[in-house]
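Some notes on the structure that comes next.
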Amino acid sequence: METRTWAGLLAGAAVLLTSASLAPVAGAADSPTAPRDPYIRTQLFFGTERPDGGPAVTDQEFQDFVDAEITPHFPDGLTVEQARGQYRDRHGVIEHERSYLVTLLYTAPSGRTAGAAVEGIRRAYDQRFQQESVGRVDEAVRASF
């Protein structure tokens, strides 16, 4: 399956959408085997270029960040994808950069606690790697495992 990526802005944060995430699945909600448990899917967009022109965040630095900052809050699992993104920085310049997209799934009832953990992760990345922001998208979904 071909996946195309678009970049855009959402509340000042870089957002990437794939064609797969835009296409609804016909009849999925009506299927007797459709997922029934309410979850929240959070996608986080981590840029790697530093605004001060310093060295980009390396794969190992990012993996160390995942191990230290994300996994302790979401030990049941997560998905990390490498991406190419772009965003308009605070000076109005369009920046292109290697990025990471992290997808988290957590039960709807744990949303408040998980949401606070996500905000801590975003702040930690901004501080550690001198970033302007980490993009965040939340979506209510149904899933089963």
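Chain labels run A, B, ... following the order of the structure tokens; each chain numbers its residues from 1, and ligands are numbered from 1 in the order shown.
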
Shell of 12 Å around Glu49 in chain A, only C-alpha atoms, local chain residues under 3 positions omitted, as a VMD selection string: chain A and resid 46 52 to 58 84 to 87 89 95 to 100 126 129 to 133

Residues of range 17-129 of chain A in alpha helix (DSSP H), written as an MDAnalysis selection string: chainID A and resid 19:22 59:65 111:129

Residues from the last selection, N, CA and C atoms, saved as a JSON list (two decimals), in the first residue's frame:
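Written output follows (out.json):
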```
[["chain", "number", "residue", "atom", "x", "y", "z"],
["A", 19, "SER", "N", -2.12, 9.15, 3.88],
["A", 19, "SER", "CA", -3.35, 8.83, 3.15],
["A", 19, "SER", "C", -4.12, 7.72, 3.85],
["A", 20, "ALA", "N", -3.42, 6.81, 4.50],
["A", 20, "ALA", "CA", -4.09, 5.72, 5.20],
["A", 20, "ALA", "C", -4.92, 6.25, 6.36],
["A", 21, "SER", "N", -4.46, 7.32, 7.04],
["A", 21, "SER", "CA", -5.21, 7.84, 8.17],
["A", 21, "SER", "C", -6.41, 8.66, 7.74],
["A", 22, "LEU", "N", -6.47, 9.05, 6.47],
["A", 22, "LEU", "CA", -7.57, 9.86, 5.97],
["A", 22, "LEU", "C", -8.70, 9.04, 5.39],
["A", 59, "ASP", "N", 19.69, 9.32, 16.03],
["A", 59, "ASP", "CA", 18.82, 8.17, 16.30],
["A", 59, "ASP", "C", 19.04, 7.65, 17.71],
["A", 60, "GLN", "N", 20.30, 7.56, 18.14],
["A", 60, "GLN", "CA", 20.59, 7.04, 19.47],
["A", 60, "GLN", "C", 20.08, 7.99, 20.56],
["A", 61, "GLU", "N", 20.23, 9.30, 20.36],
["A", 61, "GLU", "CA", 19.71, 10.25, 21.34],
["A", 61, "GLU", "C", 18.19, 10.12, 21.46],
["A", 62, "PHE", "N", 17.54, 9.95, 20.31],
["A", 62, "PHE", "CA", 16.09, 9.82, 20.35],
["A", 62, "PHE", "C", 15.69, 8.52, 21.04],
["A", 63, "GLN", "N", 16.37, 7.42, 20.73],
["A", 63, "GLN", "CA", 16.05, 6.15, 21.38],
["A", 63, "GLN", "C", 16.29, 6.24, 22.88],
["A", 64, "ASP", "N", 17.35, 6.91, 23.29],
["A", 64, "ASP", "CA", 17.60, 7.11, 24.72],
["A", 64, "ASP", "C", 16.45, 7.89, 25.37],
["A", 65, "PHE", "N", 15.94, 8.90, 24.64],
["A", 65, "PHE", "CA", 14.82, 9.69, 25.13],
["A", 65, "PHE", "C", 13.57, 8.81, 25.27],
["A", 111, "GLY", "N", -7.30, 8.51, 30.34],
["A", 111, "GLY", "CA", -6.96, 9.68, 29.54],
["A", 111, "GLY", "C", -6.37, 10.85, 30.32],
["A", 112, "ARG", "N", -6.91, 11.17, 31.46],
["A", 112, "ARG", "CA", -6.42, 12.31, 32.24],
["A", 112, "ARG", "C", -4.98, 12.08, 32.71],
["A", 113, "THR", "N", -4.71, 10.92, 33.27],
["A", 113, "THR", "CA", -3.35, 10.61, 33.73],
["A", 113, "THR", "C", -2.39, 10.50, 32.56],
["A", 114, "ALA", "N", -2.80, 9.82, 31.50],
["A", 114, "ALA", "CA", -1.94, 9.67, 30.33],
["A", 114, "ALA", "C", -1.69, 11.02, 29.67],
["A", 115, "GLY", "N", -2.72, 11.86, 29.59],
["A", 115, "GLY", "CA", -2.57, 13.18, 29.00],
["A", 115, "GLY", "C", -1.54, 14.03, 29.72],
["A", 116, "ALA", "N", -1.55, 13.96, 31.05],
["A", 116, "ALA", "CA", -0.56, 14.70, 31.84],
["A", 116, "ALA", "C", 0.84, 14.15, 31.57],
["A", 117, "ALA", "N", 0.96, 12.83, 31.44],
["A", 117, "ALA", "CA", 2.27, 12.23, 31.13],
["A", 117, "ALA", "C", 2.76, 12.69, 29.76],
["A", 118, "VAL", "N", 1.85, 12.77, 28.79],
["A", 118, "VAL", "CA", 2.23, 13.23, 27.45],
["A", 118, "VAL", "C", 2.76, 14.66, 27.51],
["A", 119, "GLU", "N", 2.10, 15.51, 28.27],
["A", 119, "GLU", "CA", 2.58, 16.90, 28.39],
["A", 119, "GLU", "C", 3.97, 16.96, 29.02],
["A", 120, "GLY", "N", 4.23, 16.10, 29.99],
["A", 120, "GLY", "CA", 5.57, 16.03, 30.58],
["A", 120, "GLY", "C", 6.61, 15.58, 29.57],
["A", 121, "ILE", "N", 6.25, 14.63, 28.71],
["A", 121, "ILE", "CA", 7.15, 14.14, 27.66],
["A", 121, "ILE", "C", 7.47, 15.28, 26.69],
["A", 122, "ARG", "N", 6.46, 16.01, 26.29],
["A", 122, "ARG", "CA", 6.67, 17.14, 25.36],
["A", 122, "ARG", "C", 7.62, 18.18, 25.97],
["A", 123, "ARG", "N", 7.38, 18.55, 27.21],
["A", 123, "ARG", "CA", 8.26, 19.53, 27.88],
["A", 123, "ARG", "C", 9.68, 19.02, 27.99],
["A", 124, "ALA", "N", 9.83, 17.74, 28.34],
["A", 124, "ALA", "CA", 11.17, 17.16, 28.49],
["A", 124, "ALA", "C", 11.94, 17.20, 27.17],
["A", 125, "TYR", "N", 11.27, 16.88, 26.06],
["A", 125, "TYR", "CA", 11.94, 16.90, 24.75],
["A", 125, "TYR", "C", 12.33, 18.33, 24.37],
["A", 126, "ASP", "N", 11.39, 19.26, 24.56],
["A", 126, "ASP", "CA", 11.68, 20.67, 24.26],
["A", 126, "ASP", "C", 12.92, 21.14, 25.01],
["A", 127, "GLN", "N", 12.99, 20.83, 26.29],
["A", 127, "GLN", "CA", 14.11, 21.26, 27.11],
["A", 127, "GLN", "C", 15.41, 20.55, 26.75],
["A", 128, "ARG", "N", 15.36, 19.24, 26.60],
["A", 128, "ARG", "CA", 16.57, 18.48, 26.34],
["A", 128, "ARG", "C", 17.19, 18.82, 24.99],
["A", 129, "PHE", "N", 16.35, 19.03, 23.98],
["A", 129, "PHE", "CA", 16.87, 19.22, 22.62],
["A", 129, "PHE", "C", 16.59, 20.62, 22.06]]
```

Distance criterion (only C-alpha atoms): nearest to Leu44 in chain A out of A:Ala68, A:Val93, A:Ala143, A:Leu78: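 Closest to Leu44 in chain A, using only C-alpha atoms: A:Leu78.
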
Extract the full set of strand (DSSP E or B) residues from range 16-140 of chain A according to DSSP on the backbone, and format it as a compact mmCIF listing (two decimals) with N, CA and C atoms, in the first residue's frame.
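In the end it all went to states01.txt:
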```
# COMPACT_ATOMS: atom_id res chain seq x y z
N LEU A 16 1.72 15.81 10.37
CA LEU A 16 1.85 14.96 9.20
C LEU A 16 0.63 14.07 9.13
N LEU A 17 0.03 13.97 7.96
CA LEU A 17 -1.11 13.09 7.75
C LEU A 17 -0.75 12.11 6.66
N THR A 18 -1.11 10.85 6.84
CA THR A 18 -0.88 9.87 5.80
C THR A 18 -2.20 9.57 5.12
N ASP A 37 -13.48 -1.47 22.35
CA ASP A 37 -13.01 -0.79 23.55
C ASP A 37 -12.60 0.64 23.23
N PRO A 38 -13.05 1.62 24.03
CA PRO A 38 -12.68 3.01 23.77
C PRO A 38 -11.24 3.30 24.19
N TYR A 39 -10.48 3.83 23.27
CA TYR A 39 -9.10 4.22 23.50
C TYR A 39 -8.89 5.64 23.01
N ILE A 40 -7.78 6.21 23.39
CA ILE A 40 -7.33 7.48 22.85
C ILE A 40 -6.02 7.21 22.13
N ARG A 41 -5.93 7.71 20.90
CA ARG A 41 -4.68 7.61 20.15
C ARG A 41 -4.05 9.00 20.16
N THR A 42 -2.84 9.06 20.68
CA THR A 42 -2.08 10.30 20.68
C THR A 42 -0.89 10.12 19.76
N GLN A 43 -0.73 11.07 18.85
CA GLN A 43 0.43 11.09 17.98
C GLN A 43 1.27 12.30 18.36
N LEU A 44 2.57 12.06 18.51
CA LEU A 44 3.51 13.12 18.86
C LEU A 44 4.52 13.28 17.73
N PHE A 45 4.80 14.52 17.36
CA PHE A 45 5.69 14.84 16.25
C PHE A 45 6.94 15.50 16.81
N PHE A 46 8.06 14.77 16.75
CA PHE A 46 9.33 15.23 17.30
C PHE A 46 10.27 15.63 16.18
N GLY A 47 10.63 16.90 16.11
CA GLY A 47 11.62 17.36 15.15
C GLY A 47 13.02 17.06 15.66
N THR A 79 4.52 3.03 19.20
CA THR A 79 5.08 2.88 17.87
C THR A 79 5.90 4.11 17.54
N VAL A 80 7.10 3.90 17.01
CA VAL A 80 7.98 4.99 16.58
C VAL A 80 8.20 4.84 15.09
N GLU A 81 7.96 5.91 14.35
CA GLU A 81 8.20 5.93 12.91
C GLU A 81 9.11 7.09 12.57
N GLN A 82 10.02 6.89 11.62
CA GLN A 82 10.82 7.99 11.12
C GLN A 82 10.03 8.69 10.04
N ALA A 83 10.16 10.00 9.97
CA ALA A 83 9.40 10.79 9.01
C ALA A 83 10.23 11.96 8.53
N ARG A 84 9.72 12.64 7.53
CA ARG A 84 10.26 13.92 7.06
C ARG A 84 9.14 14.92 7.27
N GLY A 85 9.44 16.02 7.92
CA GLY A 85 8.40 17.00 8.20
C GLY A 85 8.84 18.40 7.87
N GLN A 86 7.90 19.30 7.96
CA GLN A 86 8.21 20.70 7.81
C GLN A 86 7.26 21.50 8.68
N TYR A 87 7.69 22.68 9.07
CA TYR A 87 6.87 23.56 9.88
C TYR A 87 7.38 24.99 9.69
N ARG A 88 6.55 25.94 10.08
CA ARG A 88 6.96 27.35 10.04
C ARG A 88 7.45 27.70 11.44
N ILE A 94 10.10 28.45 6.77
CA ILE A 94 9.70 27.04 6.62
C ILE A 94 10.93 26.18 6.81
N GLU A 95 10.88 25.32 7.80
CA GLU A 95 11.99 24.42 8.12
C GLU A 95 11.62 23.01 7.69
N HIS A 96 12.56 22.30 7.06
CA HIS A 96 12.40 20.89 6.69
C HIS A 96 13.33 20.09 7.58
N GLU A 97 12.84 18.98 8.09
CA GLU A 97 13.69 18.21 9.00
C GLU A 97 13.29 16.74 9.07
N ARG A 98 14.27 15.95 9.45
CA ARG A 98 14.02 14.55 9.80
C ARG A 98 13.26 14.58 11.12
N SER A 99 12.25 13.73 11.25
CA SER A 99 11.38 13.75 12.42
C SER A 99 11.08 12.33 12.88
N TYR A 100 10.45 12.26 14.02
CA TYR A 100 9.93 11.00 14.54
C TYR A 100 8.46 11.20 14.87
N LEU A 101 7.66 10.22 14.53
CA LEU A 101 6.25 10.20 14.89
C LEU A 101 6.07 9.07 15.88
N VAL A 102 5.60 9.40 17.07
CA VAL A 102 5.35 8.40 18.10
C VAL A 102 3.84 8.30 18.29
N THR A 103 3.32 7.07 18.21
CA THR A 103 1.90 6.83 18.41
C THR A 103 1.70 6.07 19.71
N LEU A 104 0.82 6.60 20.54
CA LEU A 104 0.48 5.99 21.81
C LEU A 104 -1.01 5.65 21.80
N LEU A 105 -1.37 4.50 22.32
CA LEU A 105 -2.77 4.11 22.52
C LEU A 105 -2.96 3.83 24.00
N TYR A 106 -3.99 4.43 24.58
CA TYR A 106 -4.27 4.18 25.98
C TYR A 106 -5.78 4.23 26.18
N THR A 107 -6.24 3.53 27.21
CA THR A 107 -7.68 3.43 27.44
C THR A 107 -8.26 4.80 27.75
N GLY A 135 4.64 18.59 18.35
CA GLY A 135 3.24 18.55 17.93
C GLY A 135 2.50 17.40 18.59
N ARG A 136 1.22 17.62 18.87
CA ARG A 136 0.39 16.59 19.50
C ARG A 136 -0.98 16.56 18.83
N VAL A 137 -1.44 15.36 18.52
CA VAL A 137 -2.79 15.15 18.00
C VAL A 137 -3.42 14.02 18.83
N ASP A 138 -4.62 14.25 19.34
CA ASP A 138 -5.37 13.25 20.10
C ASP A 138 -6.64 12.91 19.33
N GLU A 139 -7.00 11.63 19.39
CA GLU A 139 -8.19 11.19 18.67
C GLU A 139 -8.83 10.03 19.44
N ALA A 140 -10.14 10.09 19.63
CA ALA A 140 -10.87 8.97 20.23
C ALA A 140 -10.99 7.87 19.18
```
